[in-house]
file upload_2.pdb (PDB, C-alpha atoms (C1' of nucleotides))
ATOM      1  CA  MET A 326       0.000   0.000   0.000  1.00  0.00           C
ATOM      2  CA  GLN A 327       3.018   2.327  -0.156  1.00  0.00           C
ATOM      3  CA  GLU A 328       3.037   5.193  -2.602  1.00  0.00           C
ATOM      4  CA  LYS A 329       4.109   4.011  -6.015  1.00  0.00           C
ATOM      5  CA  ILE A 330       3.111   7.033  -8.007  1.00  0.00           C
ATOM      6  CA  THR A 331       6.219   8.820  -9.232  1.00  0.00           C
ATOM      7  CA  GLU A 332       6.883  12.535  -9.469  1.00  0.00           C
ATOM      8  CA  GLU A 333       7.023  12.153 -13.225  1.00  0.00           C
ATOM      9  CA  GLN A 334       3.558  10.673 -13.257  1.00  0.00           C
ATOM     10  CA  LYS A 335       2.289  13.508 -11.115  1.00  0.00           C
ATOM     11  CA  GLN A 336       3.901  16.025 -13.442  1.00  0.00           C
ATOM     12  CA  MET A 337       2.409  14.370 -16.519  1.00  0.00           C
ATOM     13  CA  ALA A 338      -1.015  14.328 -14.876  1.00  0.00           C
ATOM     14  CA  ARG A 339      -0.604  18.037 -14.180  1.00  0.00           C
ATOM     15  CA  PHE A 340       0.205  18.753 -17.815  1.00  0.00           C
ATOM     16  CA  ALA A 341      -2.570  16.465 -19.056  1.00  0.00           C
ATOM     17  CA  LYS A 342      -5.080  18.121 -16.788  1.00  0.00           C
ATOM     18  CA  ALA A 343      -4.217  21.490 -18.282  1.00  0.00           C
ATOM     19  CA  MET A 344      -4.698  19.990 -21.744  1.00  0.00           C
ATOM     20  CA  GLY A 345      -8.002  18.466 -20.740  1.00  0.00           C
ATOM     21  CA  HIS A 346     -10.300  21.119 -22.188  1.00  0.00           C
ATOM     22  CA  PRO A 347     -11.033  21.809 -25.879  1.00  0.00           C
ATOM     23  CA  VAL A 348     -10.382  25.533 -25.563  1.00  0.00           C
ATOM     24  CA  ARG A 349      -7.013  24.945 -23.940  1.00  0.00           C
ATOM     25  CA  MET A 350      -6.072  22.333 -26.537  1.00  0.00           C
ATOM     26  CA  TYR A 351      -6.968  24.847 -29.231  1.00  0.00           C
ATOM     27  CA  ILE A 352      -4.719  27.461 -27.675  1.00  0.00           C
ATOM     28  CA  LEU A 353      -1.820  25.069 -27.199  1.00  0.00           C
ATOM     29  CA  GLU A 354      -2.033  23.734 -30.733  1.00  0.00           C
ATOM     30  CA  LEU A 355      -2.094  27.280 -32.062  1.00  0.00           C
ATOM     31  CA  LEU A 356       0.979  28.206 -30.048  1.00  0.00           C
ATOM     32  CA  ALA A 357       2.775  24.989 -30.930  1.00  0.00           C
ATOM     33  CA  GLY A 358       2.279  25.815 -34.593  1.00  0.00           C
ATOM     34  CA  GLN A 359       3.113  29.486 -34.696  1.00  0.00           C
ATOM     35  CA  SER A 360       4.912  30.152 -31.445  1.00  0.00           C
ATOM     36  CA  CYS A 361       2.929  33.183 -30.264  1.00  0.00           C
ATOM     37  CA  CYS A 362      -0.420  34.954 -30.283  1.00  0.00           C
ATOM     38  CA  TYR A 363      -2.421  37.712 -28.635  1.00  0.00           C
ATOM     39  CA  SER A 364      -5.274  37.154 -26.257  1.00  0.00           C
ATOM     40  CA  GLY A 365      -7.491  39.414 -28.339  1.00  0.00           C
ATOM     41  CA  ASP A 366      -7.063  37.218 -31.399  1.00  0.00           C
ATOM     42  CA  LEU A 367      -8.105  34.175 -29.392  1.00  0.00           C
ATOM     43  CA  SER A 368     -11.130  36.023 -28.116  1.00  0.00           C
ATOM     44  CA  GLU A 369     -12.283  36.597 -31.680  1.00  0.00           C
ATOM     45  CA  ASP A 370     -11.846  32.957 -32.638  1.00  0.00           C
ATOM     46  CA  LEU A 371     -13.472  31.359 -29.636  1.00  0.00           C
ATOM     47  CA  PRO A 372     -17.146  31.457 -28.647  1.00  0.00           C
ATOM     48  CA  ILE A 373     -16.483  32.260 -25.003  1.00  0.00           C
ATOM     49  CA  ALA A 374     -16.475  35.348 -22.824  1.00  0.00           C
ATOM     50  CA  LYS A 375     -13.192  37.163 -22.303  1.00  0.00           C
ATOM     51  CA  SER A 376     -13.238  36.462 -18.617  1.00  0.00           C
ATOM     52  CA  THR A 377     -13.561  32.755 -19.338  1.00  0.00           C
ATOM     53  CA  LEU A 378     -10.702  32.886 -21.808  1.00  0.00           C
ATOM     54  CA  SER A 379      -8.624  34.705 -19.238  1.00  0.00           C
ATOM     55  CA  GLN A 380      -9.237  31.866 -16.791  1.00  0.00           C
ATOM     56  CA  HIS A 381      -8.177  29.237 -19.311  1.00  0.00           C
ATOM     57  CA  LEU A 382      -4.997  31.168 -20.049  1.00  0.00           C
ATOM     58  CA  LYS A 383      -4.329  31.369 -16.332  1.00  0.00           C
ATOM     59  CA  GLU A 384      -4.656  27.602 -16.010  1.00  0.00           C
ATOM     60  CA  LEU A 385      -2.185  27.045 -18.797  1.00  0.00           C
ATOM     61  CA  LYS A 386       0.161  29.516 -17.153  1.00  0.00           C
ATOM     62  CA  ASP A 387      -0.220  27.866 -13.741  1.00  0.00           C
ATOM     63  CA  ALA A 388       0.548  24.489 -15.291  1.00  0.00           C
ATOM     64  CA  GLY A 389       3.673  26.079 -16.747  1.00  0.00           C
ATOM     65  CA  LEU A 390       2.828  25.400 -20.367  1.00  0.00           C
ATOM     66  CA  ILE A 391       2.577  28.998 -21.554  1.00  0.00           C
ATOM     67  CA  GLN A 392       3.794  32.420 -20.583  1.00  0.00           C
ATOM     68  CA  GLY A 393       2.552  35.901 -21.284  1.00  0.00           C
ATOM     69  CA  THR A 394       4.566  39.019 -21.904  1.00  0.00           C
ATOM     70  CA  ILE A 395       3.139  42.509 -21.957  1.00  0.00           C
ATOM     71  CA  GLU A 396       3.303  44.332 -25.258  1.00  0.00           C
ATOM     72  CA  ARG A 397       1.182  47.403 -24.672  1.00  0.00           C
ATOM     73  CA  PRO A 398      -1.597  47.523 -25.119  1.00  0.00           C
ATOM     74  CA  LYS A 399      -1.812  43.773 -25.614  1.00  0.00           C
ATOM     75  CA  ILE A 400      -0.389  40.686 -24.012  1.00  0.00           C
ATOM     76  CA  LYS A 401       1.535  38.241 -26.113  1.00  0.00           C
ATOM     77  CA  TYR A 402       1.267  34.583 -25.216  1.00  0.00           C
ATOM     78  CA  CYS A 403       3.882  32.000 -26.111  1.00  0.00           C
ATOM     79  CA  LEU A 404       4.665  28.462 -25.089  1.00  0.00           C
ATOM     80  CA  ASN A 405       6.911  28.194 -22.080  1.00  0.00           C
ATOM     81  CA  GLN A 406       9.569  26.484 -24.134  1.00  0.00           C
ATOM     82  CA  GLU A 407      11.415  24.864 -21.259  1.00  0.00           C
ATOM     83  CA  ASN A 408       8.312  23.236 -19.789  1.00  0.00           C
ATOM     84  CA  TRP A 409       6.853  22.473 -23.186  1.00  0.00           C
ATOM     85  CA  ASP A 410       9.997  20.537 -24.037  1.00  0.00           C
ATOM     86  CA  ARG A 411       9.731  18.786 -20.706  1.00  0.00           C
ATOM     87  CA  ALA A 412       6.117  17.834 -21.425  1.00  0.00           C
ATOM     88  CA  ARG A 413       7.001  16.606 -24.889  1.00  0.00           C
ATOM     89  CA  GLU A 414       9.761  14.453 -23.524  1.00  0.00           C
ATOM     90  CA  LEU A 415       7.562  12.982 -20.796  1.00  0.00           C
ATOM     91  CA  PHE A 416       4.730  12.166 -23.173  1.00  0.00           C
ATOM     92  CA  ARG A 417       7.069  10.876 -25.818  1.00  0.00           C
ATOM     93  CA  LYS A 418       8.539   8.373 -23.390  1.00  0.00           C
ATOM     94  CA  PHE A 419       5.120   7.541 -21.993  1.00  0.00           C
ATOM     95  CA  MET A 420       3.506   6.858 -25.364  1.00  0.00           C
ATOM     96  CA  GLU A 421       6.399   5.463 -27.343  1.00  0.00           C
TER      97      GLU A 421
ATOM     98  CA  MET B1041     -16.575  34.106 -33.524  1.00  0.00           C
ATOM     99  CA  GLN B1042     -17.393  30.895 -35.386  1.00  0.00           C
ATOM    100  CA  GLU B1043     -16.328  27.602 -33.899  1.00  0.00           C
ATOM    101  CA  LYS B1044     -12.730  26.865 -34.748  1.00  0.00           C
ATOM    102  CA  ILE B1045     -12.135  24.019 -32.385  1.00  0.00           C
ATOM    103  CA  THR B1046     -11.713  20.814 -34.345  1.00  0.00           C
ATOM    104  CA  GLU B1047     -13.006  17.350 -33.549  1.00  0.00           C
ATOM    105  CA  GLU B1048      -9.406  16.230 -33.178  1.00  0.00           C
ATOM    106  CA  GLN B1049      -8.814  18.873 -30.539  1.00  0.00           C
ATOM    107  CA  LYS B1050     -11.935  17.780 -28.689  1.00  0.00           C
ATOM    108  CA  GLN B1051     -10.788  14.172 -28.860  1.00  0.00           C
ATOM    109  CA  MET B1052      -7.339  15.058 -27.583  1.00  0.00           C
ATOM    110  CA  ALA B1053      -8.855  17.061 -24.723  1.00  0.00           C
ATOM    111  CA  ARG B1054     -10.981  14.019 -23.873  1.00  0.00           C
ATOM    112  CA  PHE B1055      -7.922  11.785 -23.725  1.00  0.00           C
ATOM    113  CA  ALA B1056      -5.915  14.369 -21.816  1.00  0.00           C
ATOM    114  CA  LYS B1057      -8.672  14.814 -19.275  1.00  0.00           C
ATOM    115  CA  ALA B1058      -8.639  11.079 -18.613  1.00  0.00           C
ATOM    116  CA  MET B1059      -4.872  11.272 -18.153  1.00  0.00           C
ATOM    117  CA  GLY B1060      -5.216  14.263 -15.835  1.00  0.00           C
ATOM    118  CA  HIS B1061      -4.997  12.416 -12.530  1.00  0.00           C
ATOM    119  CA  PRO B1062      -1.937  10.794 -10.966  1.00  0.00           C
ATOM    120  CA  VAL B1063      -3.714   7.518 -10.249  1.00  0.00           C
ATOM    121  CA  ARG B1064      -4.897   7.246 -13.834  1.00  0.00           C
ATOM    122  CA  MET B1065      -1.460   8.104 -15.186  1.00  0.00           C
ATOM    123  CA  TYR B1066      -0.042   5.381 -12.972  1.00  0.00           C
ATOM    124  CA  ILE B1067      -2.503   2.838 -14.357  1.00  0.00           C
ATOM    125  CA  LEU B1068      -1.923   3.860 -17.956  1.00  0.00           C
ATOM    126  CA  GLU B1069       1.833   3.755 -17.623  1.00  0.00           C
ATOM    127  CA  LEU B1070       1.611   0.327 -16.048  1.00  0.00           C
ATOM    128  CA  LEU B1071      -0.573  -0.958 -18.871  1.00  0.00           C
ATOM    129  CA  ALA B1072       1.560   0.684 -21.531  1.00  0.00           C
ATOM    130  CA  GLY B1073       4.559  -1.150 -20.132  1.00  0.00           C
ATOM    131  CA  GLN B1074       3.156  -4.609 -19.545  1.00  0.00           C
ATOM    132  CA  SER B1075      -0.086  -4.697 -21.480  1.00  0.00           C
ATOM    133  CA  CYS B1076      -2.464  -5.991 -18.795  1.00  0.00           C
ATOM    134  CA  CYS B1077      -3.201  -6.124 -15.084  1.00  0.00           C
ATOM    135  CA  TYR B1078      -5.889  -6.982 -12.565  1.00  0.00           C
ATOM    136  CA  SER B1079      -7.869  -4.484 -10.549  1.00  0.00           C
ATOM    137  CA  GLY B1080      -6.915  -6.246  -7.348  1.00  0.00           C
ATOM    138  CA  ASP B1081      -3.203  -5.775  -8.029  1.00  0.00           C
ATOM    139  CA  LEU B1082      -3.733  -2.068  -8.525  1.00  0.00           C
ATOM    140  CA  SER B1083      -5.683  -1.894  -5.299  1.00  0.00           C
ATOM    141  CA  GLU B1084      -2.675  -3.225  -3.429  1.00  0.00           C
ATOM    142  CA  ASP B1085      -0.306  -0.707  -4.983  1.00  0.00           C
ATOM    143  CA  LEU B1086      -2.427   2.400  -4.588  1.00  0.00           C
ATOM    144  CA  PRO B1087      -3.400   4.162  -1.355  1.00  0.00           C
ATOM    145  CA  ILE B1088      -7.067   4.562  -2.295  1.00  0.00           C
ATOM    146  CA  ALA B1089     -10.297   2.754  -1.583  1.00  0.00           C
ATOM    147  CA  LYS B1090     -11.426   0.082  -4.011  1.00  0.00           C
ATOM    148  CA  SER B1091     -14.533   2.012  -4.886  1.00  0.00           C
ATOM    149  CA  THR B1092     -12.401   5.008  -5.794  1.00  0.00           C
ATOM    150  CA  LEU B1093     -10.137   2.860  -7.934  1.00  0.00           C
ATOM    151  CA  SER B1094     -13.182   1.438  -9.648  1.00  0.00           C
ATOM    152  CA  GLN B1095     -14.283   4.950 -10.550  1.00  0.00           C
ATOM    153  CA  HIS B1096     -10.892   5.813 -12.024  1.00  0.00           C
ATOM    154  CA  LEU B1097     -10.974   2.641 -14.100  1.00  0.00           C
ATOM    155  CA  LYS B1098     -14.445   3.575 -15.283  1.00  0.00           C
ATOM    156  CA  GLU B1099     -13.213   6.977 -16.421  1.00  0.00           C
ATOM    157  CA  LEU B1100     -10.401   5.429 -18.396  1.00  0.00           C
ATOM    158  CA  LYS B1101     -12.895   3.027 -19.930  1.00  0.00           C
ATOM    159  CA  ASP B1102     -15.335   5.820 -20.767  1.00  0.00           C
ATOM    160  CA  ALA B1103     -12.536   7.769 -22.427  1.00  0.00           C
ATOM    161  CA  GLY B1104     -11.838   4.648 -24.454  1.00  0.00           C
ATOM    162  CA  LEU B1105      -8.259   4.227 -23.282  1.00  0.00           C
ATOM    163  CA  ILE B1106      -8.630   0.885 -21.542  1.00  0.00           C
ATOM    164  CA  GLN B1107     -10.913  -2.105 -21.599  1.00  0.00           C
ATOM    165  CA  GLY B1108     -11.742  -4.778 -19.069  1.00  0.00           C
ATOM    166  CA  THR B1109     -12.426  -8.421 -19.717  1.00  0.00           C
ATOM    167  CA  ILE B1110     -13.855 -10.779 -17.169  1.00  0.00           C
ATOM    168  CA  GLU B1111     -11.612 -13.616 -16.053  1.00  0.00           C
ATOM    169  CA  ARG B1112     -13.482 -15.076 -13.132  1.00  0.00           C
ATOM    170  CA  PRO B1113     -13.246 -14.237 -10.488  1.00  0.00           C
ATOM    171  CA  LYS B1114     -11.180 -11.213 -11.522  1.00  0.00           C
ATOM    172  CA  ILE B1115     -11.306  -8.599 -14.213  1.00  0.00           C
ATOM    173  CA  LYS B1116      -8.330  -8.112 -16.457  1.00  0.00           C
ATOM    174  CA  TYR B1117      -7.644  -4.615 -17.676  1.00  0.00           C
ATOM    175  CA  CYS B1118      -5.714  -3.842 -20.852  1.00  0.00           C
ATOM    176  CA  LEU B1119      -5.175  -0.822 -23.017  1.00  0.00           C
ATOM    177  CA  ASN B1120      -7.778  -0.416 -25.713  1.00  0.00           C
ATOM    178  CA  GLN B1121      -5.169  -0.796 -28.387  1.00  0.00           C
ATOM    179  CA  GLU B1122      -7.120   0.886 -31.166  1.00  0.00           C
ATOM    180  CA  ASN B1123      -7.838   4.036 -29.186  1.00  0.00           C
ATOM    181  CA  TRP B1124      -4.443   4.023 -27.529  1.00  0.00           C
ATOM    182  CA  ASP B1125      -2.836   4.048 -30.956  1.00  0.00           C
ATOM    183  CA  ARG B1126      -5.170   6.859 -31.927  1.00  0.00           C
ATOM    184  CA  ALA B1127      -4.185   8.837 -28.841  1.00  0.00           C
ATOM    185  CA  ARG B1128      -0.508   8.265 -29.493  1.00  0.00           C
ATOM    186  CA  GLU B1129      -0.854   9.447 -33.041  1.00  0.00           C
ATOM    187  CA  LEU B1130      -2.778  12.568 -32.054  1.00  0.00           C
ATOM    188  CA  PHE B1131      -0.316  13.516 -29.340  1.00  0.00           C
ATOM    189  CA  ARG B1132       2.659  12.704 -31.486  1.00  0.00           C
ATOM    190  CA  LYS B1133       1.470  15.086 -34.170  1.00  0.00           C
ATOM    191  CA  PHE B1134       0.486  17.671 -31.588  1.00  0.00           C
ATOM    192  CA  MET B1135       3.812  17.677 -29.783  1.00  0.00           C
ATOM    193  CA  GLU B1136       6.232  16.970 -32.590  1.00  0.00           C
TER     194      GLU B1136
ATOM    195  C1'  DT C 166     -28.122 -22.850   0.135  1.00  0.00           C
ATOM    196  C1'  DT C 167     -24.777 -20.287   2.387  1.00  0.00           C
ATOM    197  C1'  DC C 168     -20.088 -18.379   2.241  1.00  0.00           C
ATOM    198  C1'  DG C 169     -16.266 -16.016   0.287  1.00  0.00           C
ATOM    199  C1'  DT C 170     -14.093 -13.355  -3.408  1.00  0.00           C
ATOM    200  C1'  DA C 171     -13.840  -9.517  -6.654  1.00  0.00           C
ATOM    201  C1'  DT C 172     -15.732  -5.624  -8.176  1.00  0.00           C
ATOM    202  C1'  DT C 173     -19.324  -2.116  -9.049  1.00  0.00           C
ATOM    203  C1'  DT C 174     -22.968   0.964  -7.712  1.00  0.00           C
ATOM    204  C1'  DC C 175     -25.148   4.090  -4.389  1.00  0.00           C
ATOM    205  C1'  DG C 176     -25.443   7.964  -1.362  1.00  0.00           C
ATOM    206  C1'  DC C 177     -23.184  11.428   0.409  1.00  0.00           C
ATOM    207  C1'  DA C 178     -19.818  15.328   1.260  1.00  0.00           C
ATOM    208  C1'  DA C 179     -16.255  18.353  -0.074  1.00  0.00           C
ATOM    209  C1'  DA C 180     -13.452  20.317  -3.521  1.00  0.00           C
ATOM    210  C1'  DT C 181     -12.674  21.867  -8.188  1.00  0.00           C
ATOM    211  C1'  DG C 182     -13.985  23.400 -12.769  1.00  0.00           C
ATOM    212  C1'  DT C 183     -16.650  26.119 -16.125  1.00  0.00           C
ATOM    213  C1'  DA C 184     -18.915  30.136 -17.440  1.00  0.00           C
ATOM    214  C1'  DC C 185     -20.919  34.652 -17.343  1.00  0.00           C
ATOM    215  C1'  DG C 186     -21.364  39.729 -16.638  1.00  0.00           C
ATOM    216  C1'  DA C 187     -20.057  43.525 -13.719  1.00  0.00           C
ATOM    217  C1'  DA C 188     -16.553  45.916 -11.747  1.00  0.00           C
ATOM    218  C1'  DC C 189     -11.853  47.102 -11.724  1.00  0.00           C
ATOM    219  C1'  DA C 190      -6.987  48.320 -13.292  1.00  0.00           C
ATOM    220  C1'  DA C 191      -3.504  50.250 -16.312  1.00  0.00           C
ATOM    221  C1'  DA C 192      -2.046  52.656 -20.006  1.00  0.00           C
ATOM    222  C1'  DT C 193      -2.764  55.312 -24.151  1.00  0.00           C
ATOM    223  C1'  DA C 194      -5.678  58.507 -27.109  1.00  0.00           C
ATOM    224  C1'  DA C 195      -8.684  62.335 -27.695  1.00  0.00           C
TER     225       DA C 195
ATOM    226  C1'  DT D 507      -9.588  65.179 -17.830  1.00  0.00           C
ATOM    227  C1'  DT D 508     -12.360  61.896 -19.989  1.00  0.00           C
ATOM    228  C1'  DA D 509     -12.848  58.073 -23.048  1.00  0.00           C
ATOM    229  C1'  DT D 510     -11.126  53.928 -25.071  1.00  0.00           C
ATOM    230  C1'  DT D 511      -8.681  49.679 -25.264  1.00  0.00           C
ATOM    231  C1'  DT D 512      -7.101  45.439 -23.232  1.00  0.00           C
ATOM    232  C1'  DG D 513      -7.207  42.309 -19.927  1.00  0.00           C
ATOM    233  C1'  DT D 514      -7.869  40.612 -14.979  1.00  0.00           C
ATOM    234  C1'  DT D 515     -10.498  39.863 -10.798  1.00  0.00           C
ATOM    235  C1'  DC D 516     -14.834  39.309  -8.293  1.00  0.00           C
ATOM    236  C1'  DG D 517     -19.199  37.354  -7.253  1.00  0.00           C
ATOM    237  C1'  DT D 518     -22.300  34.076  -8.487  1.00  0.00           C
ATOM    238  C1'  DA D 519     -24.380  29.824 -10.288  1.00  0.00           C
ATOM    239  C1'  DC D 520     -24.228  25.335 -11.702  1.00  0.00           C
ATOM    240  C1'  DA D 521     -21.829  20.980 -13.080  1.00  0.00           C
ATOM    241  C1'  DT D 522     -18.292  17.747 -12.486  1.00  0.00           C
ATOM    242  C1'  DT D 523     -14.743  15.351  -9.943  1.00  0.00           C
ATOM    243  C1'  DT D 524     -12.855  13.021  -6.135  1.00  0.00           C
ATOM    244  C1'  DG D 525     -13.253  10.220  -2.311  1.00  0.00           C
ATOM    245  C1'  DC D 526     -15.185   7.177   1.179  1.00  0.00           C
ATOM    246  C1'  DG D 527     -17.917   3.361   3.312  1.00  0.00           C
ATOM    247  C1'  DA D 528     -22.000   0.653   2.898  1.00  0.00           C
ATOM    248  C1'  DA D 529     -24.744  -2.026   0.111  1.00  0.00           C
ATOM    249  C1'  DA D 530     -25.442  -4.617  -3.997  1.00  0.00           C
ATOM    250  C1'  DT D 531     -24.070  -7.871  -7.669  1.00  0.00           C
ATOM    251  C1'  DA D 532     -22.236 -11.978  -9.667  1.00  0.00           C
ATOM    252  C1'  DC D 533     -20.398 -16.259  -9.450  1.00  0.00           C
ATOM    253  C1'  DG D 534     -17.800 -20.280  -7.895  1.00  0.00           C
ATOM    254  C1'  DA D 535     -16.857 -23.231  -3.779  1.00  0.00           C
ATOM    255  C1'  DA D 536     -18.162 -25.685   0.303  1.00  0.00           C
TER     256       DA D 536
END

call {"tool": "encode", "arguments": {"input": "upload_2.pdb", "output": "structure tokens"}}
result
Amino acid sequence: MQEKITEEQKQMARFAKAMGHPVRMYILELLAGQSCCYSGDLSEDLPIAKSTLSQHLKELKDAGLIQGTIERPKIKYCLNQENWDRARELFRKFME
Amino acid sequence: MQEKITEEQKQMARFAKAMGHPVRMYILELLAGQSCCYSGDLSEDLPIAKSTLSQHLKELKDAGLIQGTIERPKIKYCLNQENWDRARELFRKFME
DNA sequence: TTCGTATTTCGCAAATGTACGAACAAATAA
DNA sequence: TTATTTGTTCGTACATTTGCGAAATACGAA
């Protein structure tokens, strides 16, 4: 009955949880393909309120998958490359 | 404002959501490594109640990632190979 | 039939997630 | 200064998830 769940498994679950919503998958796939985007552009593409979008972006940030940098008057979102690479490596090994 | 989220993104989010819990990642990684296991074995390895484990297995089944076959008196769980391959392919493309 | 084994379902509670609009904040434009 | 733009936070509502123990189910063994 001892704990057999590894830190890597916990980390993968954390990443997967962040990916576990269609809107967040959309955002991640967009960023993975073109590196960066603005929140406003997302808002135009997605049928959700801005406050809801803001929450989804926050979740992705909290999971470490993306990062936002201020470019007045907008905010530019990009993948957090270091953690994205980490996620890729974990999932690659997991699903190979 | 039209819907831009694809069916593939929804499917990936569905898989990711199922992977979004440490216990379920543990189970999936076990199955990915050795193909099959019994619920009772999992119950001994994991610090959770059997009813809770049963729910996690149900979620993985509902997401299509695993399947259970009765081998009295136990139930043998394996990856659902068809959907697992589908998931691997989706994530491989997504994270390449 | 009664017992034991393996697992699921039920009922419940607590925590988390999803979504919205209103209110707020920060900076620039008029 | 006031208005506009861009985005976050707050308050609220509802749905889903997570977890447990008790009860139910299914079947083979005694």

call {"tool": "resolve_selection", "arguments": {"input": "upload_2.pdb", "expression": "the PyMOL selection byres ((chain A) within 9 of (chain D))", "output": "JSON, numbers by chain"}}
result
{"A": [364, 365, 375, 376, 379, 397, 398, 399, 400]}

call {"tool": "interface_residues", "arguments": {"input": "upload_2.pdb", "of": "chain A", "to": "chain B", "cutoff": "10 Å", "atoms": "all atoms listed in the file", "output": "JSON, numbers by chain"}}
result
{"A": [326, 327, 328, 329, 330, 331, 332, 333, 334, 335, 336, 337, 338, 339, 340, 341, 342, 343, 344, 345, 346, 347, 348, 349, 350, 351, 352, 353, 354, 355, 357, 358, 367, 368, 369, 370, 371, 372, 373, 409, 410, 412, 413, 414, 416, 417, 418, 419, 420, 421]}

call {"tool": "resolve_selection", "arguments": {"input": "upload_2.pdb", "expression": "the PyMOL selection byres ((chain C) within 9 of (chain B))", "output": "PyMOL selection string"}}
result
chain C and resi 170-174

call {"tool": "atom_distance", "arguments": {"input": "upload_2.pdb", "atom1": "atom CA of A:Asn408", "atom2": "atom CA of B:Ala1103"}}
result
26.1 Å

call {"tool": "atom_distance", "arguments": {"input": "upload_2.pdb", "atom1": "atom CA of A:Tyr363", "atom2": "atom CA of A:Tyr402"}}
result
5.9 Å

call {"tool": "atom_distance", "arguments": {"input": "upload_2.pdb", "atom1": "atom CA of A:Lys386", "atom2": "atom CA of B:Leu1130"}}
result
22.8 Å
